[in-house]
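For reference, model_19.pdb is printed below; it contains PDB, C-alpha atoms.
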```pdb
ATOM      1  CA  MET A 118      -9.568  36.910  30.796  1.00  0.00           C
ATOM      2  CA  THR A 119     -11.594  38.944  28.320  1.00  0.00           C
ATOM      3  CA  ASN A 120     -13.892  37.433  25.753  1.00  0.00           C
ATOM      4  CA  PRO A 121     -12.892  38.561  22.222  1.00  0.00           C
ATOM      5  CA  THR A 122     -16.474  38.240  20.919  1.00  0.00           C
ATOM      6  CA  ILE A 123     -17.800  40.936  23.248  1.00  0.00           C
ATOM      7  CA  LYS A 124     -17.409  44.378  21.720  1.00  0.00           C
ATOM      8  CA  GLU A 125     -16.057  47.187  23.818  1.00  0.00           C
ATOM      9  CA  THR A 126     -18.539  49.898  24.750  1.00  0.00           C
ATOM     10  CA  ARG A 127     -15.812  52.536  24.744  1.00  0.00           C
ATOM     11  CA  VAL A 128     -13.037  53.432  22.329  1.00  0.00           C
ATOM     12  CA  ARG A 129     -10.620  56.361  22.031  1.00  0.00           C
ATOM     13  CA  LEU A 130     -12.284  59.475  20.627  1.00  0.00           C
ATOM     14  CA  ASP A 131      -9.704  60.007  17.878  1.00  0.00           C
ATOM     15  CA  LYS A 132     -10.118  56.395  16.773  1.00  0.00           C
ATOM     16  CA  TRP A 133     -13.930  56.737  16.696  1.00  0.00           C
ATOM     17  CA  LEU A 134     -13.760  59.975  14.656  1.00  0.00           C
ATOM     18  CA  TRP A 135     -11.493  58.202  12.171  1.00  0.00           C
ATOM     19  CA  ALA A 136     -13.778  55.137  12.022  1.00  0.00           C
ATOM     20  CA  ALA A 137     -16.843  57.374  11.522  1.00  0.00           C
ATOM     21  CA  ARG A 138     -15.024  59.032   8.584  1.00  0.00           C
ATOM     22  CA  PHE A 139     -14.956  62.579   9.920  1.00  0.00           C
ATOM     23  CA  PHE A 140     -11.194  62.607   9.320  1.00  0.00           C
ATOM     24  CA  LYS A 141      -9.017  60.711   6.838  1.00  0.00           C
ATOM     25  CA  THR A 142      -6.362  59.744   9.385  1.00  0.00           C
ATOM     26  CA  ARG A 143      -6.195  59.264  13.133  1.00  0.00           C
ATOM     27  CA  ASN A 144      -3.458  61.878  13.238  1.00  0.00           C
ATOM     28  CA  GLN A 145      -5.799  64.466  11.675  1.00  0.00           C
ATOM     29  CA  ALA A 146      -8.479  63.520  14.205  1.00  0.00           C
ATOM     30  CA  LYS A 147      -5.992  63.873  17.063  1.00  0.00           C
ATOM     31  CA  GLN A 148      -4.807  67.280  15.807  1.00  0.00           C
ATOM     32  CA  ALA A 149      -8.409  68.500  15.513  1.00  0.00           C
ATOM     33  CA  ILE A 150      -9.159  67.376  19.065  1.00  0.00           C
ATOM     34  CA  GLU A 151      -6.009  68.998  20.448  1.00  0.00           C
ATOM     35  CA  GLY A 152      -6.786  72.162  18.462  1.00  0.00           C
ATOM     36  CA  GLY A 153     -10.181  72.527  20.149  1.00  0.00           C
ATOM     37  CA  LYS A 154     -12.201  71.615  17.061  1.00  0.00           C
ATOM     38  CA  VAL A 155     -14.008  68.760  18.853  1.00  0.00           C
ATOM     39  CA  HIS A 156     -16.158  69.084  21.978  1.00  0.00           C
ATOM     40  CA  VAL A 157     -17.808  66.204  23.828  1.00  0.00           C
ATOM     41  CA  ASN A 158     -20.957  66.998  25.799  1.00  0.00           C
ATOM     42  CA  GLN A 159     -20.136  70.727  25.519  1.00  0.00           C
ATOM     43  CA  SER A 160     -16.667  70.405  27.036  1.00  0.00           C
ATOM     44  CA  ARG A 161     -13.299  70.359  25.340  1.00  0.00           C
ATOM     45  CA  ALA A 162     -12.092  66.831  24.623  1.00  0.00           C
ATOM     46  CA  LYS A 163      -8.803  64.963  24.652  1.00  0.00           C
ATOM     47  CA  ALA A 164      -7.795  62.365  22.058  1.00  0.00           C
ATOM     48  CA  ALA A 165      -7.532  59.529  24.573  1.00  0.00           C
ATOM     49  CA  ARG A 166     -10.953  60.252  26.072  1.00  0.00           C
ATOM     50  CA  PRO A 167     -13.218  57.253  25.598  1.00  0.00           C
ATOM     51  CA  ALA A 168     -16.190  57.823  23.301  1.00  0.00           C
ATOM     52  CA  ALA A 169     -19.373  56.338  24.698  1.00  0.00           C
ATOM     53  CA  ILE A 170     -22.786  55.661  23.206  1.00  0.00           C
ATOM     54  CA  GLY A 171     -25.037  58.660  23.809  1.00  0.00           C
ATOM     55  CA  ASP A 172     -22.250  61.259  23.844  1.00  0.00           C
ATOM     56  CA  THR A 173     -22.919  64.448  21.885  1.00  0.00           C
ATOM     57  CA  LEU A 174     -20.032  65.669  19.733  1.00  0.00           C
ATOM     58  CA  GLU A 175     -19.576  69.115  18.218  1.00  0.00           C
ATOM     59  CA  ILE A 176     -17.081  68.872  15.357  1.00  0.00           C
ATOM     60  CA  SER A 177     -15.727  71.875  13.426  1.00  0.00           C
ATOM     61  CA  ARG A 178     -14.183  70.891  10.113  1.00  0.00           C
ATOM     62  CA  ASN A 179     -13.533  72.910   6.929  1.00  0.00           C
ATOM     63  CA  GLN A 180     -15.651  75.865   8.078  1.00  0.00           C
ATOM     64  CA  GLN A 181     -18.545  73.503   8.786  1.00  0.00           C
ATOM     65  CA  ARG A 182     -19.938  72.532  12.166  1.00  0.00           C
ATOM     66  CA  PHE A 183     -21.443  69.118  12.851  1.00  0.00           C
ATOM     67  CA  THR A 184     -23.413  68.214  15.986  1.00  0.00           C
ATOM     68  CA  VAL A 185     -23.785  64.448  16.224  1.00  0.00           C
ATOM     69  CA  LYS A 186     -24.904  61.879  18.772  1.00  0.00           C
ATOM     70  CA  ILE A 187     -22.944  58.627  19.017  1.00  0.00           C
ATOM     71  CA  LEU A 188     -25.187  55.622  18.329  1.00  0.00           C
ATOM     72  CA  ALA A 189     -22.581  52.866  18.031  1.00  0.00           C
ATOM     73  CA  ILE A 190     -18.921  52.280  18.745  1.00  0.00           C
ATOM     74  CA  SER A 191     -16.393  50.964  16.272  1.00  0.00           C
ATOM     75  CA  GLU A 192     -12.637  51.125  16.138  1.00  0.00           C
ATOM     76  CA  GLN A 193     -12.442  49.807  12.583  1.00  0.00           C
ATOM     77  CA  ARG A 194     -12.898  52.047   9.563  1.00  0.00           C
ATOM     78  CA  ALA A 195     -15.627  50.728   7.280  1.00  0.00           C
ATOM     79  CA  LYS A 196     -17.562  51.764   4.187  1.00  0.00           C
ATOM     80  CA  ALA A 197     -19.240  55.172   4.242  1.00  0.00           C
ATOM     81  CA  HIS A 198     -22.807  53.889   4.632  1.00  0.00           C
ATOM     82  CA  ILE A 199     -21.725  51.738   7.578  1.00  0.00           C
ATOM     83  CA  ALA A 200     -19.775  54.618   9.124  1.00  0.00           C
ATOM     84  CA  GLN A 201     -22.863  56.844   8.928  1.00  0.00           C
ATOM     85  CA  SER A 202     -24.765  54.353  11.072  1.00  0.00           C
ATOM     86  CA  LEU A 203     -22.342  55.049  13.945  1.00  0.00           C
ATOM     87  CA  TYR A 204     -23.847  58.495  14.565  1.00  0.00           C
ATOM     88  CA  GLU A 205     -26.937  60.631  14.067  1.00  0.00           C
ATOM     89  CA  GLU A 206     -26.630  64.284  13.115  1.00  0.00           C
ATOM     90  CA  THR A 207     -29.077  66.660  14.787  1.00  0.00           C
ATOM     91  CA  VAL A 208     -31.716  68.436  12.707  1.00  0.00           C
ATOM     92  CA  GLU A 209     -30.430  71.858  13.808  1.00  0.00           C
ATOM     93  CA  SER A 210     -26.926  70.945  12.657  1.00  0.00           C
ATOM     94  CA  ILE A 211     -28.172  69.815   9.243  1.00  0.00           C
ATOM     95  CA  ASN A 212     -30.242  72.983   8.766  1.00  0.00           C
ATOM     96  CA  GLN A 213     -27.364  75.211   9.869  1.00  0.00           C
ATOM     97  CA  ARG A 214     -24.893  73.535   7.489  1.00  0.00           C
ATOM     98  CA  GLU A 215     -27.319  73.670   4.541  1.00  0.00           C
ATOM     99  CA  GLY A 216     -27.942  77.369   5.214  1.00  0.00           C
ATOM    100  CA  GLN A 217     -24.211  78.041   5.356  1.00  0.00           C
ATOM    101  CA  ILE A 218     -23.631  76.172   2.085  1.00  0.00           C
ATOM    102  CA  ALA A 219     -26.447  78.126   0.420  1.00  0.00           C
ATOM    103  CA  ARG A 220     -24.949  81.438   1.623  1.00  0.00           C
ATOM    104  CA  GLN A 221     -21.522  80.464   0.285  1.00  0.00           C
ATOM    105  CA  ARG A 222     -23.021  79.566  -3.097  1.00  0.00           C
ATOM    106  CA  MET A 223     -24.824  82.918  -3.275  1.00  0.00           C
ATOM    107  CA  GLU A 224     -21.618  84.781  -2.418  1.00  0.00           C
ATOM    108  CA  ARG A 225     -19.725  82.935  -5.137  1.00  0.00           C
ATOM    109  CA  ALA A 226     -22.504  83.190  -7.742  1.00  0.00           C
ATOM    110  CA  GLY A 227     -21.486  86.669  -8.913  1.00  0.00           C
ATOM    111  CA  LEU A 228     -17.763  86.013  -8.731  1.00  0.00           C
ATOM    112  CA  ARG A 229     -16.018  85.667 -12.084  1.00  0.00           C
ATOM    113  CA  MET A 230     -12.280  85.428 -12.209  1.00  0.00           C
ATOM    114  CA  PRO A 231     -10.858  87.711 -14.922  1.00  0.00           C
ATOM    115  CA  ASN A 232      -8.653  86.218 -17.610  1.00  0.00           C
ATOM    116  CA  LEU A 233      -6.598  89.375 -18.137  1.00  0.00           C
ATOM    117  CA  ARG A 234      -5.492  92.393 -16.171  1.00  0.00           C
ATOM    118  CA  PRO A 235      -7.997  95.242 -16.249  1.00  0.00           C
ATOM    119  CA  SER A 236      -7.491  97.900 -18.893  1.00  0.00           C
ATOM    120  CA  LYS A 237      -6.829 101.522 -17.989  1.00  0.00           C
ATOM    121  CA  LYS A 238     -10.557 102.218 -18.175  1.00  0.00           C
ATOM    122  CA  GLY A 239     -11.280  99.156 -16.053  1.00  0.00           C
ATOM    123  CA  ARG A 240      -8.760 100.250 -13.406  1.00  0.00           C
ATOM    124  CA  ARG A 241     -10.424 103.674 -13.224  1.00  0.00           C
ATOM    125  CA  GLU A 242     -13.820 102.036 -12.759  1.00  0.00           C
ATOM    126  CA  LEU A 243     -12.476  99.765 -10.026  1.00  0.00           C
ATOM    127  CA  ARG A 244     -10.857 102.704  -8.238  1.00  0.00           C
ATOM    128  CA  ARG A 245     -14.116 104.674  -8.471  1.00  0.00           C
ATOM    129  CA  LEU A 246     -16.065 101.693  -7.114  1.00  0.00           C
ATOM    130  CA  LYS A 247     -13.697 101.226  -4.175  1.00  0.00           C
ATOM    131  CA  GLN A 248     -13.704 104.928  -3.285  1.00  0.00           C
ATOM    132  CA  ASN A 249     -17.494 105.141  -3.388  1.00  0.00           C
ATOM    133  CA  ALA A 250     -18.101 101.845  -1.605  1.00  0.00           C
ATOM    134  CA  HIS A 251     -18.687 103.510   1.770  1.00  0.00           C
ATOM    135  CA  GLU A 252     -21.148 106.072   0.346  1.00  0.00           C
ATOM    136  CA  PRO A 253     -24.756 104.997  -0.256  1.00  0.00           C
ATOM    137  CA  ASP A 254     -25.791 104.947  -3.893  1.00  0.00           C
ATOM    138  CA  LEU A 255     -28.676 107.420  -4.050  1.00  0.00           C
ATOM    139  CA  ASP A 256     -29.226 106.944  -7.794  1.00  0.00           C
ATOM    140  CA  LEU A 257     -30.853 103.575  -7.139  1.00  0.00           C
ATOM    141  CA  PHE A 258     -33.803 105.157  -5.338  1.00  0.00           C
ATOM    142  CA  GLU A 259     -34.596 107.875  -7.884  1.00  0.00           C
TER     143      GLU A 259
END
```
Any chance you could put this one into structure tokens?
Amino acid sequence: MTNPTIKETRVRLDKWLWAARFFKTRNQAKQAIEGGKVHVNQSRAKAARPAAIGDTLEISRNQQRFTVKILAISEQRAKAHIAQSLYEETVESINQREGQIARQRMERAGLRMPNLRPSKKGRRELRRLKQNAHEPDLDLFE
């Protein structure tokens, strides 16, 4: 007979990902695992695979990649600060994600959505820009 006070050292991977708040539902966690978005110890995982303390997970979610090490096991979803104590993200993963976020912000910095359609003059300028996009602009260096 098992003692209910002793915590299990292993739990299903999809349940752990849900408890650690990487996904909002267990179904989303399961779909991500089956879709190849989650790797355990550099090998493709299955949803029913038990997660163990010390395992390294690579999680791809929303164009971001997390590399985390499991520090604790829980099959109950808890508050965010408690869920963050279940894992430790590697320094390389943090730096890579911050760099990616910074690049995305820089790409979007110059983007302004127009309120109206371009005028005839504006359409000509856009056409000229698109046609000359493959040619280097030599006027900049003169």
Quick one: which residues end up in the PyMOL selection byres ((chain A and resi 172-182) around 10) for this structure, as an MDAnalysis selection string? chainID A and resid 130 134 139:140 149:150 153:162 168:171 183:188 204:207 210:211 213:215 217:218
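A straight line drawn from CA of Ser191 in chain A to CA of Trp133 in chain A is 6.3 Å long.
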Apply the PyMOL selection byres ((chain A and resi 193) around 9) to the displayed file and report the matching residues as a PyMOL selection string. chain A and resi 132-133+135-137+191-192+194-195
Å distance separating CA of Arg222 in chain A from CA of Arg244 in chain A, one decimal place: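 Value for the CA of Arg222 in chain A-CA of Arg244 in chain A distance: 26.6 Å.
From CA of Arg129 in chain A back to CA of Ile190 in chain A, the distance works out to 9.8 Å.
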